[in-house]
file input01.txt (compact mmCIF, C-alpha atoms)
# COMPACT_ATOMS: atom_id res chain seq x y z
CA MET A 1 0.00 0.00 0.00
CA SER A 2 2.87 2.39 0.72
CA ASP A 3 4.16 1.83 -2.83
CA ILE A 4 0.77 2.81 -4.24
CA LEU A 5 0.69 5.99 -2.16
CA LYS A 6 4.25 6.82 -3.20
CA SER A 7 3.33 6.48 -6.87
CA ILE A 8 0.30 8.75 -6.38
CA VAL A 9 2.46 11.37 -4.65
CA ALA A 10 5.13 11.10 -7.34
CA ARG A 11 2.57 11.53 -10.11
CA ASP A 12 0.92 14.60 -8.54
CA PRO A 13 3.44 15.91 -5.97
CA ASN A 14 1.64 19.16 -5.12
CA GLU A 15 -1.77 17.71 -4.26
CA LYS A 16 -1.37 17.40 -0.48
CA GLU A 17 -5.10 17.44 0.35
CA PHE A 18 -5.73 14.63 -2.13
CA HIS A 19 -2.80 12.63 -0.74
CA GLN A 20 -4.20 13.06 2.78
CA ALA A 21 -7.64 11.77 1.77
CA VAL A 22 -6.18 8.80 -0.10
CA GLN A 23 -3.83 7.88 2.77
CA GLU A 24 -6.67 7.79 5.29
CA VAL A 25 -8.65 5.39 3.10
CA LEU A 26 -5.68 3.18 2.23
CA GLU A 27 -4.76 2.75 5.91
CA THR A 28 -8.23 1.48 6.79
CA VAL A 29 -9.00 -0.77 3.80
CA GLN A 30 -5.81 -2.86 4.09
CA PRO A 31 -7.69 -5.73 5.83
CA VAL A 32 -10.27 -5.73 3.02
CA LEU A 33 -7.54 -6.24 0.42
CA ASP A 34 -5.97 -8.99 2.52
CA ARG A 35 -9.30 -10.82 2.69
CA ASN A 36 -10.10 -10.29 -1.01
CA PRO A 37 -6.95 -10.91 -3.10
CA GLU A 38 -8.93 -10.44 -6.32
CA TYR A 39 -9.11 -6.72 -5.48
CA ARG A 40 -5.33 -6.42 -5.73
CA GLN A 41 -5.21 -8.51 -8.90
CA SER A 42 -7.71 -6.13 -10.50
CA ALA A 43 -5.73 -3.04 -9.34
CA VAL A 44 -8.80 -1.53 -7.73
CA ILE A 45 -6.77 0.90 -5.60
CA GLU A 46 -4.96 2.31 -8.63
CA ARG A 47 -8.28 2.62 -10.47
CA ILE A 48 -10.36 4.12 -7.67
CA THR A 49 -7.75 6.81 -6.89
CA GLU A 50 -7.57 7.98 -10.51
CA PRO A 51 -10.48 10.18 -11.69
CA GLU A 52 -12.46 8.89 -14.64
CA ARG A 53 -12.32 12.40 -16.04
CA VAL A 54 -10.85 15.79 -15.08
CA ILE A 55 -12.26 18.88 -16.79
CA MET A 56 -10.52 22.26 -16.43
CA PHE A 57 -11.50 25.41 -18.30
CA ARG A 58 -11.22 29.18 -18.30
CA VAL A 59 -14.17 31.32 -17.18
CA PRO A 60 -14.09 34.88 -18.61
CA TRP A 61 -16.65 37.39 -17.30
CA VAL A 62 -17.14 41.16 -17.04
CA ASP A 63 -17.34 42.96 -13.67
CA ASP A 64 -19.47 46.02 -12.87
CA GLN A 65 -16.65 48.36 -13.92
CA GLY A 66 -16.59 46.83 -17.40
CA GLN A 67 -13.29 45.05 -16.72
CA VAL A 68 -12.81 41.52 -18.08
CA GLN A 69 -11.92 39.00 -15.37
CA VAL A 70 -10.73 35.42 -15.89
CA ASN A 71 -11.12 32.56 -13.41
CA ARG A 72 -10.47 28.84 -13.66
CA GLY A 73 -13.26 26.27 -13.62
CA PHE A 74 -13.09 22.58 -12.76
CA ARG A 75 -15.18 19.43 -12.69
CA ILE A 76 -13.74 16.18 -11.33
CA GLN A 77 -15.77 13.15 -12.44
CA MET A 78 -14.22 10.67 -10.04
CA ASN A 79 -16.23 7.46 -10.18
CA SER A 80 -19.55 6.40 -11.73
CA ALA A 81 -19.60 2.71 -10.78
CA ILE A 82 -22.85 2.90 -8.78
CA GLY A 83 -24.56 5.85 -10.48
CA PRO A 84 -24.13 9.20 -12.24
CA TYR A 85 -21.51 11.58 -10.83
CA LYS A 86 -22.90 13.59 -7.92
CA GLY A 87 -21.21 16.28 -5.86
CA GLY A 88 -21.11 19.99 -5.18
CA LEU A 89 -19.61 23.06 -6.80
CA ARG A 90 -17.34 25.22 -4.63
CA PHE A 91 -16.60 28.89 -5.43
CA HIS A 92 -13.69 30.04 -3.27
CA PRO A 93 -10.20 31.51 -3.87
CA SER A 94 -8.60 28.39 -2.34
CA VAL A 95 -10.07 26.06 -4.97
CA ASN A 96 -7.49 24.07 -6.91
CA LEU A 97 -7.14 20.62 -8.42
CA SER A 98 -5.89 19.02 -5.19
CA ILE A 99 -8.81 20.23 -3.08
CA LEU A 100 -11.39 19.20 -5.66
CA LYS A 101 -9.81 15.76 -6.17
CA PHE A 102 -9.85 15.17 -2.40
CA LEU A 103 -13.49 16.26 -2.22
CA ALA A 104 -14.45 14.10 -5.22
CA PHE A 105 -12.62 11.10 -3.76
CA GLU A 106 -14.41 11.51 -0.41
CA GLN A 107 -17.69 11.99 -2.27
CA VAL A 108 -17.41 8.55 -3.89
CA PHE A 109 -17.51 6.80 -0.50
CA LYS A 110 -19.99 9.23 1.04
CA ASN A 111 -22.48 8.67 -1.79
CA ALA A 112 -22.01 4.91 -1.58
CA LEU A 113 -22.96 5.04 2.12
CA THR A 114 -26.27 6.82 1.44
CA THR A 115 -27.86 3.66 -0.07
CA LEU A 116 -28.74 5.75 -3.17
CA ALA A 117 -27.44 5.15 -6.70
CA MET A 118 -24.94 8.01 -7.00
CA GLY A 119 -21.33 8.12 -8.13
CA GLY A 120 -18.86 10.74 -6.93
CA GLY A 121 -17.73 14.06 -8.39
CA LYS A 122 -16.85 17.60 -7.39
CA GLY A 123 -16.22 20.90 -9.11
CA GLY A 124 -15.97 24.63 -8.76
CA SER A 125 -13.79 27.64 -9.36
CA ASP A 126 -11.31 29.99 -7.70
CA PHE A 127 -13.93 32.74 -8.14
CA ASP A 128 -14.79 34.50 -4.85
CA PRO A 129 -18.48 35.53 -4.55
CA LYS A 130 -17.70 37.50 -1.38
CA GLY A 131 -18.07 41.22 -2.03
CA LYS A 132 -19.45 40.72 -5.55
CA SER A 133 -22.73 42.23 -6.71
CA ASP A 134 -25.62 40.02 -7.77
CA ASN A 135 -24.94 41.05 -11.38
CA GLU A 136 -21.27 40.03 -11.14
CA VAL A 137 -22.18 36.67 -9.62
CA MET A 138 -24.73 36.14 -12.41
CA GLN A 139 -22.18 37.06 -15.10
CA PHE A 140 -19.70 34.58 -13.67
CA CYS A 141 -22.23 31.76 -13.20
CA GLN A 142 -23.51 32.12 -16.76
CA SER A 143 -19.99 31.98 -18.20
CA PHE A 144 -19.11 29.03 -15.96
CA MET A 145 -22.19 27.07 -17.06
CA SER A 146 -21.61 27.83 -20.74
CA GLU A 147 -18.70 25.36 -20.58
CA LEU A 148 -19.85 23.06 -17.77
CA CYS A 149 -23.12 22.28 -19.59
CA ARG A 150 -21.17 20.19 -22.12
CA HIS A 151 -20.18 17.72 -19.40
CA ILE A 152 -23.24 17.34 -17.13
CA GLY A 153 -26.80 16.08 -17.38
CA PRO A 154 -29.54 14.48 -15.26
CA ASN A 155 -28.25 10.97 -16.06
CA THR A 156 -24.55 11.87 -16.34
CA ASP A 157 -23.44 14.35 -13.67
CA ILE A 158 -25.67 16.30 -11.29
CA PRO A 159 -23.83 19.10 -9.43
CA ALA A 160 -25.08 20.82 -6.28
CA GLY A 161 -23.96 23.67 -4.03
CA ASP A 162 -21.01 23.83 -1.65
CA ILE A 163 -18.98 26.66 -0.11
CA GLY A 164 -19.76 29.87 -2.02
CA VAL A 165 -22.59 28.28 -4.00
CA GLY A 166 -25.99 28.79 -2.46
CA ALA A 167 -29.54 29.29 -3.74
CA ARG A 168 -28.58 32.44 -5.69
CA GLU A 169 -25.74 30.75 -7.57
CA ILE A 170 -27.72 27.55 -8.22
CA GLY A 171 -30.50 29.70 -9.71
CA TYR A 172 -28.17 31.49 -12.12
CA LEU A 173 -26.45 28.24 -13.10
CA PHE A 174 -29.74 26.43 -13.68
CA GLY A 175 -31.17 29.30 -15.72
CA MET A 176 -28.17 29.29 -18.06
CA TYR A 177 -28.25 25.49 -18.43
CA LYS A 178 -31.96 25.67 -19.33
CA LYS A 179 -31.31 28.39 -21.92
CA LEU A 180 -28.38 26.53 -23.53
CA THR A 181 -30.03 23.09 -23.67
CA ASN A 182 -33.67 24.15 -24.09
CA GLU A 183 -34.82 21.66 -21.49
CA PHE A 184 -36.04 21.76 -17.90
CA THR A 185 -34.41 18.82 -16.11
CA GLY A 186 -33.09 17.99 -12.66
CA VAL A 187 -29.48 18.71 -13.67
CA LEU A 188 -28.70 20.58 -10.43
CA THR A 189 -29.84 19.97 -6.88
CA GLY A 190 -30.30 22.58 -4.18
CA LYS A 191 -32.88 24.34 -6.35
CA SER A 192 -35.53 26.66 -4.94
CA LEU A 193 -38.81 24.99 -3.99
CA SER A 194 -40.85 26.76 -6.67
CA TRP A 195 -38.82 25.25 -9.52
CA GLY A 196 -37.86 21.72 -8.59
CA GLY A 197 -36.19 21.90 -5.18
CA SER A 198 -36.83 19.66 -2.21
CA LEU A 199 -37.98 20.51 1.27
CA ILE A 200 -35.25 19.87 3.89
CA ARG A 201 -32.46 20.19 1.28
CA PRO A 202 -30.95 23.37 2.82
CA GLU A 203 -31.15 21.81 6.28
CA ALA A 204 -30.05 18.31 5.29
CA THR A 205 -26.29 18.36 5.94
CA GLY A 206 -26.62 19.96 9.36
CA TYR A 207 -29.67 17.94 10.40
CA GLY A 208 -28.08 14.72 9.15
CA CYS A 209 -24.88 15.37 11.07
CA VAL A 210 -26.82 15.81 14.32
CA TYR A 211 -28.94 12.71 13.60
CA PHE A 212 -25.70 10.74 13.18
CA ALA A 213 -24.30 12.16 16.43
CA ALA A 214 -27.53 11.16 18.20
CA GLU A 215 -27.14 7.60 16.88
CA MET A 216 -23.58 7.45 18.21
CA LEU A 217 -24.68 8.68 21.63
CA ALA A 218 -27.52 6.15 21.65
CA THR A 219 -24.92 3.34 21.55
CA LYS A 220 -23.84 4.65 24.98
CA ASN A 221 -27.45 5.03 26.19
CA ASP A 222 -27.05 8.81 26.00
CA ASN A 223 -28.50 11.71 24.01
CA LEU A 224 -27.87 15.39 23.20
CA GLU A 225 -30.13 16.83 25.87
CA GLY A 226 -28.15 19.15 28.14
CA LYS A 227 -24.95 18.75 26.13
CA THR A 228 -22.76 21.83 25.50
CA CYS A 229 -21.64 21.90 21.87
CA LEU A 230 -18.94 23.73 19.94
CA VAL A 231 -19.85 24.49 16.31
CA SER A 232 -17.52 26.14 13.79
CA GLY A 233 -18.64 27.98 10.68
CA SER A 234 -21.77 30.07 10.27
CA GLY A 235 -22.95 29.03 6.83
CA ASN A 236 -25.63 26.60 5.79
CA VAL A 237 -24.20 23.50 7.53
CA ALA A 238 -23.43 25.27 10.81
CA GLN A 239 -26.78 27.06 10.94
CA TYR A 240 -28.87 23.92 10.63
CA THR A 241 -26.55 21.93 12.88
CA VAL A 242 -27.28 24.52 15.57
CA GLU A 243 -31.03 24.44 14.83
CA LYS A 244 -31.26 20.67 15.26
CA ILE A 245 -29.04 20.63 18.39
CA ILE A 246 -31.36 23.21 19.98
CA GLU A 247 -34.38 21.10 18.99
CA LEU A 248 -32.85 18.03 20.65
CA GLY A 249 -32.10 19.90 23.89
CA GLY A 250 -28.42 20.75 23.46
CA LYS A 251 -26.70 24.13 23.92
CA VAL A 252 -24.41 25.64 21.25
CA VAL A 253 -21.91 28.24 22.46
CA THR A 254 -19.75 29.04 19.38
CA LEU A 255 -19.99 30.04 15.72
CA SER A 256 -17.30 31.40 13.40
CA ASP A 257 -16.34 32.71 9.99
CA SER A 258 -13.02 33.42 8.30
CA SER A 259 -12.52 36.57 10.45
CA GLY A 260 -12.97 35.04 13.89
CA TYR A 261 -15.45 33.37 16.23
CA ILE A 262 -18.05 34.22 18.87
CA TYR A 263 -18.42 32.51 22.25
CA ASP A 264 -21.81 32.87 23.90
CA GLU A 265 -21.72 31.13 27.28
CA GLU A 266 -25.48 31.50 27.71
CA GLY A 267 -26.06 29.55 24.51
CA ILE A 268 -27.30 30.43 21.04
CA ASP A 269 -31.08 30.10 21.24
CA LYS A 270 -33.66 30.19 18.42
CA ASP A 271 -33.86 34.00 18.38
CA LYS A 272 -30.08 34.36 18.25
CA LEU A 273 -29.86 31.76 15.49
CA SER A 274 -32.52 33.63 13.52
CA PHE A 275 -30.36 36.74 13.76
CA VAL A 276 -27.32 34.81 12.50
CA MET A 277 -29.33 33.47 9.56
CA ARG A 278 -30.41 36.98 8.56
CA LEU A 279 -26.87 38.28 9.07
CA LYS A 280 -25.18 35.61 6.93
CA ASN A 281 -27.86 34.71 4.38
CA LEU A 282 -29.44 38.09 3.62
CA ARG A 283 -27.02 40.81 4.70
CA ARG A 284 -23.92 38.66 4.00
CA GLY A 285 -22.30 40.24 7.06
CA ARG A 286 -19.54 39.05 9.42
CA ILE A 287 -20.04 36.99 12.58
CA SER A 288 -18.36 39.79 14.59
CA GLU A 289 -21.65 41.74 14.28
CA TYR A 290 -23.23 39.18 16.63
CA ILE A 291 -21.75 40.94 19.66
CA ASP A 292 -23.28 44.26 18.56
CA LYS A 293 -26.67 42.62 19.06
CA TYR A 294 -25.78 40.32 21.97
CA SER A 295 -23.21 42.09 24.15
CA GLU A 296 -22.90 39.17 26.58
CA ALA A 297 -21.04 37.21 23.89
CA VAL A 298 -17.29 37.48 23.27
CA TYR A 299 -15.74 37.85 19.81
CA THR A 300 -12.20 36.64 19.15
CA GLU A 301 -10.50 37.66 15.93
CA VAL A 302 -8.41 35.17 13.95
CA ASP A 303 -4.77 35.28 15.08
CA SER A 304 -2.51 33.74 12.43
CA THR A 305 0.42 33.65 14.88
CA LEU A 306 -1.28 30.98 17.00
CA ASP A 307 -0.68 27.30 16.27
CA TYR A 308 -4.18 26.39 17.47
CA ASN A 309 -7.75 27.68 17.14
CA PRO A 310 -9.10 28.98 20.48
CA LEU A 311 -12.66 28.09 19.39
CA TRP A 312 -11.82 24.47 20.26
CA ASN A 313 -10.44 25.41 23.70
CA HIS A 314 -13.70 25.76 25.67
CA ARG A 315 -15.39 23.33 28.07
CA ALA A 316 -17.91 21.26 26.11
CA ASP A 317 -19.34 17.79 25.54
CA CYS A 318 -19.56 17.68 21.74
CA ALA A 319 -17.82 19.32 18.77
CA PHE A 320 -19.25 19.83 15.29
CA PRO A 321 -16.55 21.22 12.94
CA SER A 322 -18.63 22.67 10.09
CA ALA A 323 -16.37 25.20 8.36
CA THR A 324 -13.67 23.78 6.07
CA GLN A 325 -10.93 21.18 5.61
CA ASN A 326 -8.11 20.78 8.16
CA GLU A 327 -9.55 23.34 10.60
CA ILE A 328 -8.67 21.13 13.61
CA ASN A 329 -5.00 20.25 14.06
CA GLY A 330 -3.36 18.00 16.63
CA LYS A 331 -3.18 20.73 19.27
CA ASP A 332 -6.84 21.62 18.76
CA ALA A 333 -7.81 17.97 19.11
CA GLN A 334 -5.86 17.68 22.37
CA ASN A 335 -7.59 20.83 23.62
CA LEU A 336 -10.95 19.22 22.87
CA VAL A 337 -9.97 16.14 24.86
CA ASN A 338 -8.64 18.26 27.75
CA ASN A 339 -11.91 20.23 27.85
CA GLY A 340 -14.08 17.14 28.23
CA VAL A 341 -15.35 16.67 24.68
CA GLN A 342 -16.56 13.10 24.15
CA LEU A 343 -17.98 13.33 20.63
CA VAL A 344 -16.79 14.87 17.34
CA ALA A 345 -19.12 14.81 14.33
CA GLU A 346 -17.78 16.40 11.15
CA GLY A 347 -20.20 18.63 9.28
CA ALA A 348 -17.40 19.83 6.98
CA ASN A 349 -15.33 17.66 4.65
CA MET A 350 -12.10 16.40 6.26
CA PRO A 351 -11.96 19.20 8.87
CA SER A 352 -9.53 17.21 11.05
CA THR A 353 -5.87 16.65 10.22
CA PRO A 354 -4.45 13.10 10.49
CA GLU A 355 -2.86 14.08 13.83
CA ALA A 356 -6.23 15.21 15.14
CA THR A 357 -7.89 12.00 13.99
CA ASP A 358 -5.25 9.92 15.77
CA ILE A 359 -5.90 11.84 19.01
CA TYR A 360 -9.68 11.26 18.76
CA LEU A 361 -9.19 7.54 18.22
CA GLY A 362 -6.43 7.25 20.83
CA ASN A 363 -8.69 8.82 23.45
CA LYS A 364 -11.69 6.71 22.38
CA LEU A 365 -13.88 9.66 21.46
CA LEU A 366 -17.05 9.00 19.51
CA TYR A 367 -15.71 10.29 16.19
CA ALA A 368 -17.78 10.49 13.00
CA PRO A 369 -15.75 11.33 9.86
CA GLY A 370 -17.31 13.72 7.36
CA LYS A 371 -17.98 11.09 4.71
CA ALA A 372 -20.47 9.49 7.12
CA ALA A 373 -21.66 12.35 9.34
CA ASN A 374 -22.29 14.95 6.63
CA ALA A 375 -23.77 12.58 4.03
CA GLY A 376 -27.25 13.93 4.76
CA GLY A 377 -26.81 16.75 2.26
CA VAL A 378 -26.10 14.54 -0.71
CA ALA A 379 -28.70 12.05 0.50
CA VAL A 380 -31.45 14.65 0.23
CA SER A 381 -29.96 15.78 -3.09
CA GLY A 382 -30.59 12.20 -4.19
CA LEU A 383 -34.15 12.47 -2.89
CA GLU A 384 -34.51 15.74 -4.83
CA MET A 385 -33.39 13.89 -7.98
CA ALA A 386 -36.03 11.22 -7.31
CA GLN A 387 -38.74 13.86 -6.87
CA ASN A 388 -37.65 15.60 -10.09
CA SER A 389 -37.86 12.30 -11.99
CA MET A 390 -41.41 11.74 -10.73
CA ARG A 391 -42.42 15.40 -11.21
CA LEU A 392 -43.71 15.72 -7.65
CA ASN A 393 -42.76 17.14 -4.26
CA TRP A 394 -42.81 15.14 -1.05
CA PRO A 395 -44.02 16.88 2.14
CA ARG A 396 -41.44 18.08 4.66
CA GLU A 397 -42.20 15.26 7.12
CA GLU A 398 -41.60 12.57 4.49
CA VAL A 399 -38.24 13.99 3.40
CA ASP A 400 -37.10 14.45 7.01
CA ASN A 401 -38.16 10.91 7.88
CA ARG A 402 -36.29 9.51 4.87
CA LEU A 403 -33.22 11.51 5.94
CA LYS A 404 -33.41 10.05 9.46
CA ILE A 405 -33.71 6.53 8.03
CA ILE A 406 -30.71 7.09 5.74
CA MET A 407 -28.50 8.48 8.54
CA LYS A 408 -29.51 5.58 10.79
CA SER A 409 -28.62 3.17 7.95
CA ILE A 410 -25.23 4.85 7.40
CA HIS A 411 -24.51 4.60 11.12
CA GLN A 412 -25.38 0.90 11.14
CA SER A 413 -23.29 0.26 8.01
CA CYS A 414 -20.27 1.85 9.72
CA ILE A 415 -20.80 -0.19 12.88
CA ASP A 416 -21.22 -3.46 10.96
CA ALA A 417 -18.26 -2.94 8.60
CA ALA A 418 -15.92 -1.99 11.44
CA ALA A 419 -16.99 -5.02 13.48
CA ASP A 420 -16.63 -7.32 10.47
CA TYR A 421 -12.96 -6.37 10.24
CA GLY A 422 -12.20 -6.40 13.97
CA GLN A 423 -12.32 -2.63 14.56
CA GLN A 424 -15.43 -2.30 16.70
CA GLY A 425 -16.55 1.28 17.27
CA ASN A 426 -14.10 2.78 14.75
CA TYR A 427 -16.37 4.89 12.53
CA VAL A 428 -13.46 5.95 10.31
CA ALA A 429 -12.65 2.36 9.38
CA GLY A 430 -16.33 1.45 9.16
CA ALA A 431 -17.23 4.30 6.79
CA ASN A 432 -14.23 3.71 4.55
CA ILE A 433 -14.67 -0.06 4.38
CA ALA A 434 -18.45 0.01 3.79
CA GLY A 435 -18.19 2.58 1.00
CA PHE A 436 -15.08 1.01 -0.52
CA VAL A 437 -16.52 -2.51 -0.77
CA LYS A 438 -19.74 -1.31 -2.40
CA VAL A 439 -17.95 0.76 -5.05
CA VAL A 440 -15.21 -1.77 -5.78
CA ASN A 441 -17.65 -4.66 -6.21
CA ALA A 442 -19.62 -2.56 -8.71
CA MET A 443 -16.39 -1.74 -10.57
CA LEU A 444 -15.46 -5.40 -10.83
CA ASP A 445 -18.94 -6.34 -12.06
CA GLN A 446 -18.63 -3.79 -14.89
CA GLY A 447 -15.25 -4.94 -16.18
CA LEU A 448 -12.08 -3.02 -16.95
CA VAL A 449 -13.53 0.39 -17.91
call {"tool": "encode", "arguments": {"input": "input01.txt", "output": "structure tokens"}}
result
Amino acid sequence: MSDILKSIVARDPNEKEFHQAVQEVLETVQPVLDRNPEYRQSAVIERITEPERVIMFRVPWVDDQGQVQVNRGFRIQMNSAIGPYKGGLRFHPSVNLSILKFLAFEQVFKNALTTLAMGGGKGGSDFDPKGKSDNEVMQFCQSFMSELCRHIGPNTDIPAGDIGVGAREIGYLFGMYKKLTNEFTGVLTGKSLSWGGSLIRPEATGYGCVYFAAEMLATKNDNLEGKTCLVSGSGNVAQYTVEKIIELGGKVVTLSDSSGYIYDEEGIDKDKLSFVMRLKNLRRGRISEYIDKYSEAVYTEVDSTLDYNPLWNHRADCAFPSATQNEINGKDAQNLVNNGVQLVAEGANMPSTPEATDIYLGNKLLYAPGKAANAGGVAVSGLEMAQNSMRLNWPREEVDNRLKIIMKSIHQSCIDAAADYGQQGNYVAGANIAGFVKVVNAMLDQGLV
């Protein structure tokens, strides 16, 4: 296995995020390969770590000053063994090939865990929507879709939103796709309710993450009631994570954005959360404005000289990292342990470094990796695709109930797979093994393609 990883690093030496994601999977699926020698003979590791297709293109657009701008667009079509490619679009200055390949690779296993027929993909651009006018965002989205439309379709590749791509961006992208193809199809998920969206879709990642955490606690005859929780981020995932924690009786004391974080010892209640939603979703303001409204809270600005994030250094029972990749390092993880945290459920994709993961597992925390804990978003995207195909909309209660069933199923799949390979209670191994076996068996059934 080390030789395979070395060859991947040698081939693409600058893709550290992708290497990290691959290494985590390779370390946990070793027993699967030992038990199934035909997997090695068929070179499934070499095949599953190489994208089926990588699309990269320029995106020219005109800003409000009449100046031509050029960004870079991507779509990684990683694996379609169990269904059409499915995964979000991310618009953020940090976007590059390594980040999107890591996200697409994770997406393959995440989608396999959902029980739905979806392959894995990811895409986006280094375009930054922050500070742009609606017209500039529309200009960019239309240019981006003018190329992307050649490579996607309702039975080929169905993108969704991610960081920097919300309802506004999905609307502009869908409108341009419809104009270019002259058809109204479910080619994107995360759509508005009035034109093909699904109830619960905005809430799904956050709700699903909390449902998964509740399942983990239930194995210890415990629940979220009365638990103090640390949540990072303040976007879609964080907002609905907080909403569901409140509903289940927990108390959230932190939220953050790229500028800093707030600590509210009294807890973020429904009224405070409603303010945050207006602040971030409508006014597109900064989380620091929270303390202007609620003076009892404390705001701490990001300090790049620190080798840890103070958000993770508060007394708590549970942590829900919901911002971005590698936001928790080894020191942060040790701070969580020292402050009494017993559960970590990842709302973001790969928010914990390998050192942090080792500390969670070494201290026997209940630890849910992102590919399992945050699969609720893509699960409801799959349900949105099903509703689009049938030209109907399910009521809120039905979608939420299906989401609960899916998250419960994912939890059980992780438990069973880990136990089957002698790693009881290791959700990292369980998630990787369950997803890996499903995808690899489908690949072998379909021949060398």
call {"tool": "residues_around", "arguments": {"input": "input01.txt", "residues": "Lys244 in chain A", "least_positions_apart": "6", "cutoff": "8 Å", "atoms": "all atoms listed in the file", "output": "tab-separated table (two decimals) with C-alpha atoms, keeping the file's coordinate frame"}}
result
chain	number	residue	atom	x	y	z
A	206	GLY	CA	-26.62	19.96	9.36
A	207	TYR	CA	-29.67	17.94	10.40
A	210	VAL	CA	-26.82	15.81	14.32
call {"tool": "residues_around", "arguments": {"input": "input01.txt", "residues": "range 215-230 of chain A", "least_positions_apart": "4", "cutoff": "8 Å", "atoms": "all atoms listed in the file", "output": "MDAnalysis selection string"}}
result
chainID A and resid 211 245 248:255 311:312 315:321 366 408 411
call {"tool": "residues_around", "arguments": {"input": "input01.txt", "residues": "Arg278 in chain A", "least_positions_apart": "5", "cutoff": "12 Å", "atoms": "only C-alpha atoms", "output": "number ranges by chain"}}
result
A: 234-236, 239, 271-273, 283-287, 289-290
call {"tool": "residues_around", "arguments": {"input": "input01.txt", "residues": "Val399 in chain A", "least_positions_apart": "6", "cutoff": "10 Å", "atoms": "all atoms listed in the file", "output": "VMD selection string"}}
result
chain A and resid 198 to 201 204 380 383 to 384 393 405
call {"tool": "closest_residue", "arguments": {"input": "input01.txt", "among": "A:Leu180, A:Val242, A:Ala417, A:Val428", "to": "Val32 in chain A", "atoms": "all atoms listed in the file"}}
result
A:Ala417
call {"tool": "atom_distance", "arguments": {"input": "input01.txt", "atom1": "CA of Ser94 in chain A", "atom2": "CA of Ser125 in chain A"}}
result
8.8 Å
call {"tool": "build_atoms", "arguments": {"input": "input01.txt", "residues": "range 331-342 of chain A", "atoms": "N, CA and C atoms", "output": "PDB file, in the frame of the given file"}}
result
ATOM      1  N   LYS A 331      -3.065  19.965  18.025  1.00  0.00           N
ATOM      2  CA  LYS A 331      -3.180  20.730  19.270  1.00  0.00           C
ATOM      3  C   LYS A 331      -4.635  21.042  19.593  1.00  0.00           C
ATOM      4  N   ASP A 332      -5.414  21.382  18.559  1.00  0.00           N
ATOM      5  CA  ASP A 332      -6.840  21.620  18.760  1.00  0.00           C
ATOM      6  C   ASP A 332      -7.529  20.364  19.288  1.00  0.00           C
ATOM      7  N   ALA A 333      -7.192  19.230  18.693  1.00  0.00           N
ATOM      8  CA  ALA A 333      -7.810  17.970  19.110  1.00  0.00           C
ATOM      9  C   ALA A 333      -7.485  17.665  20.569  1.00  0.00           C
ATOM     10  N   GLN A 334      -6.235  17.914  20.976  1.00  0.00           N
ATOM     11  CA  GLN A 334      -5.860  17.680  22.370  1.00  0.00           C
ATOM     12  C   GLN A 334      -6.606  18.635  23.291  1.00  0.00           C
ATOM     13  N   ASN A 335      -6.805  19.876  22.836  1.00  0.00           N
ATOM     14  CA  ASN A 335      -7.590  20.830  23.620  1.00  0.00           C
ATOM     15  C   ASN A 335      -9.030  20.345  23.800  1.00  0.00           C
ATOM     16  N   LEU A 336      -9.600  19.766  22.758  1.00  0.00           N
ATOM     17  CA  LEU A 336     -10.950  19.220  22.870  1.00  0.00           C
ATOM     18  C   LEU A 336     -10.995  18.126  23.931  1.00  0.00           C
ATOM     19  N   VAL A 337     -10.037  17.222  23.881  1.00  0.00           N
ATOM     20  CA  VAL A 337      -9.970  16.140  24.860  1.00  0.00           C
ATOM     21  C   VAL A 337      -9.817  16.702  26.274  1.00  0.00           C
ATOM     22  N   ASN A 338      -8.910  17.665  26.438  1.00  0.00           N
ATOM     23  CA  ASN A 338      -8.640  18.260  27.750  1.00  0.00           C
ATOM     24  C   ASN A 338      -9.858  18.988  28.316  1.00  0.00           C
ATOM     25  N   ASN A 339     -10.729  19.468  27.413  1.00  0.00           N
ATOM     26  CA  ASN A 339     -11.910  20.230  27.850  1.00  0.00           C
ATOM     27  C   ASN A 339     -13.155  19.361  27.965  1.00  0.00           C
ATOM     28  N   GLY A 340     -12.981  18.050  27.935  1.00  0.00           N
ATOM     29  CA  GLY A 340     -14.080  17.140  28.230  1.00  0.00           C
ATOM     30  C   GLY A 340     -14.949  16.727  27.063  1.00  0.00           C
ATOM     31  N   VAL A 341     -14.552  17.058  25.839  1.00  0.00           N
ATOM     32  CA  VAL A 341     -15.350  16.670  24.680  1.00  0.00           C
ATOM     33  C   VAL A 341     -15.290  15.155  24.490  1.00  0.00           C
ATOM     34  N   GLN A 342     -16.457  14.551  24.307  1.00  0.00           N
ATOM     35  CA  GLN A 342     -16.560  13.100  24.150  1.00  0.00           C
ATOM     36  C   GLN A 342     -17.009  12.683  22.753  1.00  0.00           C
TER      37      GLN A 342
END
